[in-house]
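See below for structure-v3.cif, which holds mmCIF, C-alpha atoms and all ligand atoms.
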```
data_final
#
loop_
_atom_site.label_atom_id
_atom_site.label_comp_id
_atom_site.auth_asym_id
_atom_site.auth_seq_id
_atom_site.Cartn_x
_atom_site.Cartn_y
_atom_site.Cartn_z
CA MET W 1 12.84 60.07 -40.81
CA GLU W 2 12.66 63.58 -42.27
CA GLY W 3 9.26 65.04 -41.47
CA ASP W 4 6.09 63.00 -41.12
CA PRO W 5 4.32 62.44 -44.45
CA TYR W 6 1.21 61.44 -42.47
CA SER W 7 0.96 64.46 -40.16
CA GLU W 8 -2.04 65.83 -42.07
CA SER W 9 -3.46 62.72 -43.74
CA GLY W 10 -2.97 60.30 -40.83
CA GLU W 11 -6.55 60.89 -39.72
CA TYR W 12 -7.75 59.00 -42.79
CA LEU W 13 -5.15 56.21 -43.09
CA ASP W 14 -6.80 53.53 -40.97
CA LEU W 15 -10.20 54.00 -42.58
CA LEU W 16 -8.86 54.02 -46.12
CA SER W 17 -6.38 51.13 -45.60
CA ARG W 18 -8.98 48.61 -44.47
CA GLY W 19 -9.86 47.60 -48.04
CA ALA W 20 -6.20 46.96 -48.87
CA TRP W 21 -5.79 44.86 -45.73
CA ARG W 22 -8.83 42.73 -46.62
CA ALA W 23 -6.74 41.66 -49.62
CA LEU W 24 -3.35 41.58 -47.84
CA ARG W 25 -4.57 39.62 -44.82
CA VAL W 26 -4.31 36.18 -46.45
CA PRO W 27 -0.92 36.46 -48.22
CA VAL W 28 0.72 38.33 -45.33
CA GLY W 29 -0.81 35.88 -42.83
CA GLU W 30 0.51 32.93 -44.84
CA ALA W 31 4.00 34.43 -45.04
CA LEU W 32 3.93 35.07 -41.30
CA ARG W 33 3.32 31.39 -40.60
CA GLN W 34 7.05 30.91 -41.32
CA ALA W 35 7.87 33.11 -38.33
CA VAL W 36 9.90 31.61 -35.50
CA PRO W 37 8.39 33.20 -32.37
CA VAL W 38 10.44 31.12 -29.93
CA ALA W 39 13.55 32.88 -31.22
CA GLY W 40 12.30 36.44 -30.84
CA PRO W 41 9.48 38.87 -31.65
CA VAL W 42 7.86 39.55 -34.97
CA VAL W 43 8.74 43.14 -35.89
CA ASP W 44 6.34 45.31 -37.90
CA VAL W 45 8.37 48.22 -39.27
CA GLY W 46 6.18 51.18 -40.18
CA ALA W 47 3.23 49.51 -38.49
CA GLY W 48 0.93 52.44 -39.19
CA THR W 49 -2.36 52.11 -37.34
CA GLY W 50 -1.81 48.42 -36.55
CA LEU W 51 -3.94 46.69 -39.17
CA GLY W 52 -0.97 44.41 -39.92
CA VAL W 53 -0.20 43.94 -36.23
CA VAL W 54 -3.61 42.32 -35.79
CA VAL W 55 -2.90 39.99 -38.72
CA ALA W 56 0.49 39.08 -37.20
CA ALA W 57 -1.05 38.42 -33.79
CA GLU W 58 -3.58 36.06 -35.35
CA ALA W 59 -1.11 34.32 -37.69
CA VAL W 60 1.66 33.70 -35.16
CA ALA W 61 0.04 32.38 -32.00
CA GLY W 62 1.68 33.65 -28.83
CA ALA W 63 4.37 35.68 -30.59
CA GLY W 64 5.63 38.88 -29.09
CA ILE W 65 5.25 41.73 -31.57
CA VAL W 66 7.28 44.93 -31.83
CA ALA W 67 5.36 47.59 -33.74
CA VAL W 68 7.70 50.36 -34.89
CA GLU W 69 5.94 53.55 -35.96
CA PRO W 70 7.48 57.02 -36.35
CA SER W 71 4.33 59.04 -37.07
CA PRO W 72 2.66 60.38 -33.88
CA VAL W 73 -0.82 60.50 -35.41
CA LEU W 74 -0.62 56.93 -36.75
CA ARG W 75 1.00 55.74 -33.52
CA ALA W 76 -1.93 57.13 -31.52
CA VAL W 77 -4.33 54.94 -33.50
CA LEU W 78 -1.93 51.99 -33.20
CA LEU W 79 -1.70 52.39 -29.44
CA ALA W 80 -5.48 52.69 -29.11
CA ARG W 81 -5.97 49.53 -31.20
CA VAL W 82 -3.48 47.60 -29.04
CA ALA W 83 -4.82 48.99 -25.77
CA GLY W 84 -8.38 48.02 -26.67
CA VAL W 85 -7.71 44.27 -26.74
CA GLU W 86 -6.31 42.60 -23.63
CA GLU W 87 -4.30 40.01 -25.55
CA LEU W 88 -2.72 42.62 -27.84
CA ARG W 89 -1.84 44.76 -24.84
CA ARG W 90 0.14 41.85 -23.42
CA ARG W 91 1.86 40.88 -26.65
CA VAL W 92 2.53 44.10 -28.57
CA THR W 93 5.25 46.64 -27.78
CA VAL W 94 4.93 49.97 -29.59
CA GLN W 95 8.17 51.77 -30.43
CA ALA W 96 8.22 55.44 -31.34
CA ALA W 97 11.04 55.11 -33.86
CA ASP W 98 11.79 54.82 -37.53
CA VAL W 99 13.76 52.15 -39.37
CA ALA W 100 17.03 53.89 -38.60
CA SER W 101 16.45 54.41 -34.88
CA MET W 102 14.45 51.30 -33.88
CA ARG W 103 15.98 49.14 -31.17
CA LEU W 104 15.64 45.41 -31.78
CA PRO W 105 16.93 42.30 -30.05
CA ALA W 106 19.86 40.43 -31.61
CA GLU W 107 17.49 37.69 -32.78
CA VAL W 108 14.01 38.19 -34.21
CA GLY W 109 11.44 35.67 -35.38
CA GLY W 110 10.15 37.66 -38.34
CA VAL W 111 10.15 41.14 -39.86
CA MET W 112 7.38 42.73 -41.87
CA ALA W 113 7.30 46.09 -43.64
CA ILE W 114 4.06 46.46 -45.53
CA SER W 115 3.29 49.34 -47.88
CA MET W 116 6.28 51.28 -46.57
CA ILE W 117 9.39 50.20 -48.47
CA GLY W 118 8.99 53.06 -50.97
CA HIS W 119 9.48 55.54 -48.15
CA LEU W 120 13.10 54.36 -47.86
CA SER W 121 15.92 55.65 -50.05
CA PRO W 122 17.97 52.93 -51.77
CA ALA W 123 20.74 53.35 -49.17
CA ARG W 124 18.29 53.15 -46.27
CA ARG W 125 16.58 50.16 -47.86
CA ALA W 126 19.92 48.36 -48.19
CA ALA W 127 20.75 49.09 -44.56
CA PHE W 128 17.31 47.79 -43.52
CA PHE W 129 17.72 44.54 -45.46
CA ALA W 130 21.21 44.03 -44.02
CA ASP W 131 19.99 44.66 -40.48
CA ALA W 132 17.04 42.27 -40.91
CA ARG W 133 19.36 39.61 -42.35
CA LYS W 134 21.62 39.90 -39.32
CA ARG W 135 18.79 39.46 -36.82
CA LEU W 136 16.45 36.95 -38.47
CA VAL W 137 17.00 33.40 -37.25
CA PRO W 138 17.23 30.60 -39.85
CA GLY W 139 13.92 30.07 -41.66
CA ALA W 140 12.33 33.28 -40.31
CA PRO W 141 10.80 35.59 -42.91
CA LEU W 142 11.28 39.17 -44.00
CA ILE W 143 7.95 40.16 -45.57
CA VAL W 144 7.59 43.23 -47.79
CA ASN W 145 5.29 44.12 -50.66
CA LEU W 146 5.67 45.77 -54.03
CA GLN W 147 3.58 48.82 -54.78
CA PRO W 148 3.22 50.86 -57.95
CA PRO W 149 4.89 52.39 -59.73
CA ALA W 150 7.71 49.96 -60.53
CA GLU W 151 9.55 52.66 -62.44
CA VAL W 152 9.75 56.44 -62.61
CA THR W 153 6.58 57.41 -64.45
CA THR W 154 3.41 59.48 -64.36
CA ILE W 155 0.23 58.08 -62.85
CA PRO W 156 -2.96 60.08 -63.41
CA GLN W 157 -5.30 60.91 -60.54
CA THR W 158 -6.77 57.58 -59.39
CA GLU W 159 -9.25 56.91 -56.61
CA PHE W 160 -8.01 54.15 -54.30
CA ALA W 161 -10.63 54.03 -51.57
CA SER W 162 -14.05 55.41 -50.70
CA VAL W 163 -15.67 54.57 -47.38
CA ALA W 164 -18.91 55.84 -45.84
CA VAL W 165 -19.04 56.57 -42.13
CA GLY W 166 -22.31 57.98 -40.88
CA ASP W 167 -23.52 60.52 -43.39
CA ARG W 168 -20.02 61.36 -44.64
CA THR W 169 -17.99 59.61 -47.33
CA TYR W 170 -14.19 59.57 -47.12
CA VAL W 171 -12.44 59.39 -50.47
CA GLY W 172 -8.72 58.89 -51.06
CA SER W 173 -7.06 59.42 -54.43
CA GLY W 174 -3.54 59.97 -55.71
CA ALA W 175 -1.44 60.96 -58.69
CA ALA W 176 2.29 60.47 -59.21
CA ARG W 177 4.87 62.36 -61.23
CA PRO W 178 8.58 61.76 -61.79
CA ALA W 179 10.81 63.30 -59.12
CA GLY W 180 14.27 62.05 -60.00
CA GLU W 181 16.07 59.00 -61.29
CA ASP W 182 14.66 56.64 -58.65
CA SER W 183 11.60 58.31 -57.16
CA VAL W 184 8.22 59.84 -57.85
CA THR W 185 6.21 62.42 -55.98
CA TRP W 186 2.79 61.15 -54.97
CA THR W 187 0.19 63.87 -54.51
CA MET W 188 -2.50 62.35 -52.34
CA THR W 189 -5.92 63.94 -51.99
CA TYR W 190 -8.27 63.10 -49.13
CA ARG W 191 -11.83 64.42 -49.26
CA VAL W 192 -14.74 64.27 -46.87
CA LEU W 193 -18.03 64.48 -48.75
CA THR W 194 -21.44 65.25 -47.32
CA VAL W 195 -24.46 63.16 -48.19
CA HIS W 196 -25.09 65.59 -51.05
CA GLY W 197 -21.60 65.05 -52.47
CA VAL W 198 -20.34 68.47 -51.32
CA VAL W 199 -16.64 68.57 -50.37
CA GLU W 200 -16.68 69.46 -46.69
CA ARG W 201 -12.93 69.04 -46.09
CA GLU W 202 -9.94 68.42 -48.33
CA VAL W 203 -6.33 67.58 -47.52
CA VAL W 204 -3.70 67.46 -50.26
CA VAL W 205 -0.24 66.12 -49.41
CA ASP W 206 2.91 65.37 -51.39
CA TYR W 207 5.48 62.77 -50.49
CA GLN W 208 8.48 61.19 -52.15
CA TRP W 209 8.25 57.51 -53.00
CA TYR W 210 11.24 55.46 -54.16
CA VAL W 211 10.25 53.16 -57.00
CA LEU W 212 11.23 49.52 -57.04
CA SER W 213 10.62 46.85 -59.66
CA ARG W 214 10.03 43.22 -58.80
CA GLN W 215 13.39 42.18 -60.29
CA GLN W 216 15.27 44.96 -58.53
CA LEU W 217 13.77 43.96 -55.19
CA LEU W 218 14.57 40.28 -55.74
CA ASP W 219 18.14 41.16 -56.77
CA GLU W 220 18.63 43.39 -53.73
CA LEU W 221 17.28 40.71 -51.40
CA ALA W 222 19.54 38.09 -52.98
CA GLY W 223 22.49 40.45 -52.55
CA ALA W 224 21.57 40.93 -48.90
CA GLY W 225 21.62 37.17 -48.28
CA PHE W 226 17.96 36.21 -48.77
CA THR W 227 16.10 33.70 -50.90
CA ALA W 228 12.89 35.44 -51.92
CA SER W 229 9.67 34.71 -53.76
CA VAL W 230 6.75 36.87 -54.83
CA GLY W 231 3.25 35.73 -53.87
CA GLU W 232 -0.32 36.99 -54.09
CA MET W 233 -0.84 40.75 -53.89
CA ASP W 234 2.88 41.13 -54.67
CA VAL W 235 3.75 40.10 -51.14
CA VAL W 236 7.41 39.13 -51.08
CA THR W 237 8.68 36.58 -48.56
CA ALA W 238 12.44 36.41 -48.06
CA THR W 239 14.30 34.01 -45.81
CA PRO W 240 18.00 34.12 -44.94
CA HIS W 241 20.22 31.77 -46.91
CA ASP W 242 23.64 30.54 -45.81
C1 LIG V 301 1.23 53.45 -46.15
S1 LIG V 301 1.67 53.37 -44.46
C2 LIG V 301 1.52 51.62 -44.14
C3 LIG V 301 1.26 51.34 -42.69
C4 LIG V 301 1.09 49.86 -42.34
N1 LIG V 301 2.31 49.11 -42.59
C5 LIG V 301 -0.06 49.26 -43.09
O1 LIG V 301 0.18 48.47 -44.01
O2 LIG V 301 -1.22 49.55 -42.75
C6 LIG V 301 3.44 53.62 -44.47
C7 LIG V 301 4.04 53.56 -43.08
O3 LIG V 301 5.45 53.64 -43.14
C8 LIG V 301 5.88 54.48 -42.07
N2 LIG V 301 7.22 55.01 -42.40
C9 LIG V 301 7.55 56.00 -43.25
N3 LIG V 301 8.88 56.20 -43.24
C10 LIG V 301 9.40 55.33 -42.35
C11 LIG V 301 10.71 55.05 -41.88
N4 LIG V 301 11.77 55.73 -42.34
N5 LIG V 301 10.88 54.09 -40.94
C12 LIG V 301 9.81 53.39 -40.47
N6 LIG V 301 8.54 53.61 -40.90
C13 LIG V 301 8.34 54.56 -41.82
C14 LIG V 301 4.81 55.54 -41.99
O4 LIG V 301 4.86 56.28 -40.78
C15 LIG V 301 3.57 54.67 -42.16
O5 LIG V 301 3.17 54.10 -40.96
#
```

Using structure tokens, write down the structure that the file contains.
Amino acid sequence: MEGDPYSESGEYLDLLSRGAWRALRVPVGEALRQAVPVAGPVVDVGAGTGLGVVVAAEAVAGAGIVAVEPSPVLRAVLLARVAGVEELRRRVTVQAADVASMRLPAEVGGVMAISMIGHLSPARRAAFFADARKRLVPGAPLIVNLQPPAEVTTIPQTEFASVAVGDRTYVGSGAARPAGEDSVTWTMTYRVLTVHGVVEREVVVDYQWYVLSRQQLLDELAGAGFTASVGEMDVVTATPHD
């Protein structure tokens, strides 16, 4: 991975992702019920702070989980979340790696990559799908989700989360602009507001995001040897076909 897009904003990611995970929990949990834990671990690629790891641990009883996370700041939160619960500490292995450098067993019981696929270039995405196809045992799912935009376009500044903690309110917003034939640049703004609405801190970060339409994703998954369907919250479940 080139650079860490979360080095400055990582402080806010867990807090501001909780709302999204309240909505993702059910569709991702349902998709994970197809996992085959006797064959190998469930792998969470780009596990972030571990909100999805907790969902996986609940959905797939007894499964070993490999949580792959390249960002040191996010990995610190992930490790703290895992360390704080005895059962997670036994079941979850944290890998400091990205999708290109992760080390996985020959057979895995499921792979998830939530809210991260746009970080991968088309070539990297293709390599990831091919690698997952090779390792997933029959019936085991690859779970990804679609996120806007589906095409290269402009998205005006939009607030996506606002959460109060103590007497501060943490607000995340973002705007996107075209950055090439298959990507946009997201400019994300994170603000900490006092009780009087004064901006106490502000972090503004840019990162590249590769766009992907629903049809393009389904076509790529079919080409990689998967049968895929799109469910609630645009959660895509793909299983290997013969
Ligand atoms: C928006 S966060 C989502 C985190 C987590 N999956 C969740 O849903 O809460 C995107 C994640 O993708 C990770 N990521 C970015 N590029 C990556 C890469 N090349 N390989 C693996 N993970 C990557 C980031 O470090 C971050 O954890």

W:Glu159 proximity check over W:Val198, W:Ile143, W:Ala175, W:Ala228, using all atoms listed in the file: winner is W:Ala175

Would you list the residues near (-5.2, 64.5, -41.8) (no more than 9 Å away, in the coordinates of the file, using all atoms listed in the file) as a PyMOL selection string?
-> chain W and resi 6-13+73+190+202-203

Grab the residues selected above and save them as an mmCIF file, in the frame of the given file with C-alpha atoms.
```cif
data_model
loop_
_atom_site.group_PDB
_atom_site.id
_atom_site.type_symbol
_atom_site.label_atom_id
_atom_site.label_comp_id
_atom_site.auth_asym_id
_atom_site.auth_seq_id
_atom_site.Cartn_x
_atom_site.Cartn_y
_atom_site.Cartn_z
ATOM 1 C CA TYR W 6 1.210 61.440 -42.470
ATOM 2 C CA SER W 7 0.960 64.460 -40.160
ATOM 3 C CA GLU W 8 -2.040 65.830 -42.070
ATOM 4 C CA SER W 9 -3.460 62.720 -43.740
ATOM 5 C CA GLY W 10 -2.970 60.300 -40.830
ATOM 6 C CA GLU W 11 -6.550 60.890 -39.720
ATOM 7 C CA TYR W 12 -7.750 59.000 -42.790
ATOM 8 C CA LEU W 13 -5.150 56.210 -43.090
ATOM 9 C CA VAL W 73 -0.820 60.500 -35.410
ATOM 10 C CA TYR W 190 -8.270 63.100 -49.130
ATOM 11 C CA GLU W 202 -9.940 68.420 -48.330
ATOM 12 C CA VAL W 203 -6.330 67.580 -47.520
#
```

Residue nearest W:Thr169 - candidates W:Leu79, W:Leu15, W:Ala113, W:Ala224, atoms counted: only C-alpha atoms | W:Leu15

Selection within 9 Å of ligand LIG 301 (chain V) by all atoms listed in the file, output as an mmCIF file with C-alpha atoms, in the coordinates of the input:
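That gives us part_38.cif:
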```
data_model
loop_
_atom_site.group_PDB
_atom_site.id
_atom_site.type_symbol
_atom_site.label_atom_id
_atom_site.label_comp_id
_atom_site.auth_asym_id
_atom_site.auth_seq_id
_atom_site.Cartn_x
_atom_site.Cartn_y
_atom_site.Cartn_z
ATOM 1 C CA MET W 1 12.840 60.070 -40.810
ATOM 2 C CA GLU W 2 12.660 63.580 -42.270
ATOM 3 C CA ASP W 4 6.090 63.000 -41.120
ATOM 4 C CA PRO W 5 4.320 62.440 -44.450
ATOM 5 C CA TYR W 6 1.210 61.440 -42.470
ATOM 6 C CA GLY W 10 -2.970 60.300 -40.830
ATOM 7 C CA LEU W 13 -5.150 56.210 -43.090
ATOM 8 C CA ASP W 14 -6.800 53.530 -40.970
ATOM 9 C CA SER W 17 -6.380 51.130 -45.600
ATOM 10 C CA ARG W 18 -8.980 48.610 -44.470
ATOM 11 C CA ALA W 20 -6.200 46.960 -48.870
ATOM 12 C CA TRP W 21 -5.790 44.860 -45.730
ATOM 13 C CA LEU W 24 -3.350 41.580 -47.840
ATOM 14 C CA ASP W 44 6.340 45.310 -37.900
ATOM 15 C CA VAL W 45 8.370 48.220 -39.270
ATOM 16 C CA GLY W 46 6.180 51.180 -40.180
ATOM 17 C CA ALA W 47 3.230 49.510 -38.490
ATOM 18 C CA GLY W 48 0.930 52.440 -39.190
ATOM 19 C CA THR W 49 -2.360 52.110 -37.340
ATOM 20 C CA GLY W 50 -1.810 48.420 -36.550
ATOM 21 C CA LEU W 51 -3.940 46.690 -39.170
ATOM 22 C CA GLY W 52 -0.970 44.410 -39.920
ATOM 23 C CA VAL W 53 -0.200 43.940 -36.230
ATOM 24 C CA VAL W 68 7.700 50.360 -34.890
ATOM 25 C CA GLU W 69 5.940 53.550 -35.960
ATOM 26 C CA PRO W 70 7.480 57.020 -36.350
ATOM 27 C CA SER W 71 4.330 59.040 -37.070
ATOM 28 C CA PRO W 72 2.660 60.380 -33.880
ATOM 29 C CA VAL W 73 -0.820 60.500 -35.410
ATOM 30 C CA LEU W 74 -0.620 56.930 -36.750
ATOM 31 C CA ARG W 75 1.000 55.740 -33.520
ATOM 32 C CA ALA W 97 11.040 55.110 -33.860
ATOM 33 C CA ASP W 98 11.790 54.820 -37.530
ATOM 34 C CA VAL W 99 13.760 52.150 -39.370
ATOM 35 C CA ALA W 100 17.030 53.890 -38.600
ATOM 36 C CA SER W 101 16.450 54.410 -34.880
ATOM 37 C CA MET W 102 14.450 51.300 -33.880
ATOM 38 C CA MET W 112 7.380 42.730 -41.870
ATOM 39 C CA ALA W 113 7.300 46.090 -43.640
ATOM 40 C CA ILE W 114 4.060 46.460 -45.530
ATOM 41 C CA SER W 115 3.290 49.340 -47.880
ATOM 42 C CA MET W 116 6.280 51.280 -46.570
ATOM 43 C CA ILE W 117 9.390 50.200 -48.470
ATOM 44 C CA GLY W 118 8.990 53.060 -50.970
ATOM 45 C CA HIS W 119 9.480 55.540 -48.150
ATOM 46 C CA LEU W 120 13.100 54.360 -47.860
ATOM 47 C CA SER W 121 15.920 55.650 -50.050
ATOM 48 C CA ARG W 124 18.290 53.150 -46.270
#
```

Polymer residues at most 7 Å from W:Glu107, all atoms listed in the file, same-chain spacing of 5 or more positions, as a compact mmCIF listing (two decimals) with C-alpha atoms, keeping the file's coordinate frame:
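File out.txt, as written:
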```txt
# COMPACT_ATOMS: atom_id res chain seq x y z
CA ALA W 39 13.55 32.88 -31.22
CA GLY W 40 12.30 36.44 -30.84
CA ARG W 135 18.79 39.46 -36.82
CA LEU W 136 16.45 36.95 -38.47
CA VAL W 137 17.00 33.40 -37.25
```

Considering all atoms listed in the file, return as a PyMOL selection string whatever protein or nucleic-acid residues lie within 10 Å of W:Ala130, sequence-local ones (same chain, fewer than 2 positions apart) excluded.
-> chain W and resi 124-128+132-135+221+223-226

Have a look at atom CA of W:Val236 and atom CA of W:Ser173 and let me know their distance in Å, one decimal.
->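 Computing the Euclidean distance for atom CA of W:Val236 and atom CA of W:Ser173 yields 25.1 Å.
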
Axis-aligned box for all listed atoms of stretch 102-112 of chain W, 6 Å per side, centre and edges in Å to one decimal, as AutoDock Vina command-line options:
```
--center_x 13.6 --center_y 43.5 --center_z -36.0 --size_x 24.5 --size_y 27.6 --size_z 23.8
```

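Atom to atom, atom CA of W:Ala238 and atom CA of W:Leu218 stand 8.9 Å apart.
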
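For the set W:Ala31, W:Val36, W:Val85, W:Val230, the residue with the smallest atom-to-atom gap to W:Gly139 is W:Val36, counting all atoms listed in the file.
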
Can you work out the spacing between atom CA of W:Ala161 and atom CA of W:Val192 in Å, to one decimal?
->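 If I compute the distance from atom CA of W:Ala161 to atom CA of W:Val192, I get 12.0 Å.
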
Across W:Ala164, W:Val144, W:Tyr210, W:Gly84, the smallest distance to W:Pro27, with only C-alpha atoms counted, is shown by W:Val144

Of the candidates W:Gly3, W:Pro149, W:Gly110, W:Gly166, which shows the shortest atom-to-atom distance to W:Arg33, using only C-alpha atoms?
->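 Ranked by minimum distance to W:Arg33, first place goes to W:Gly110.
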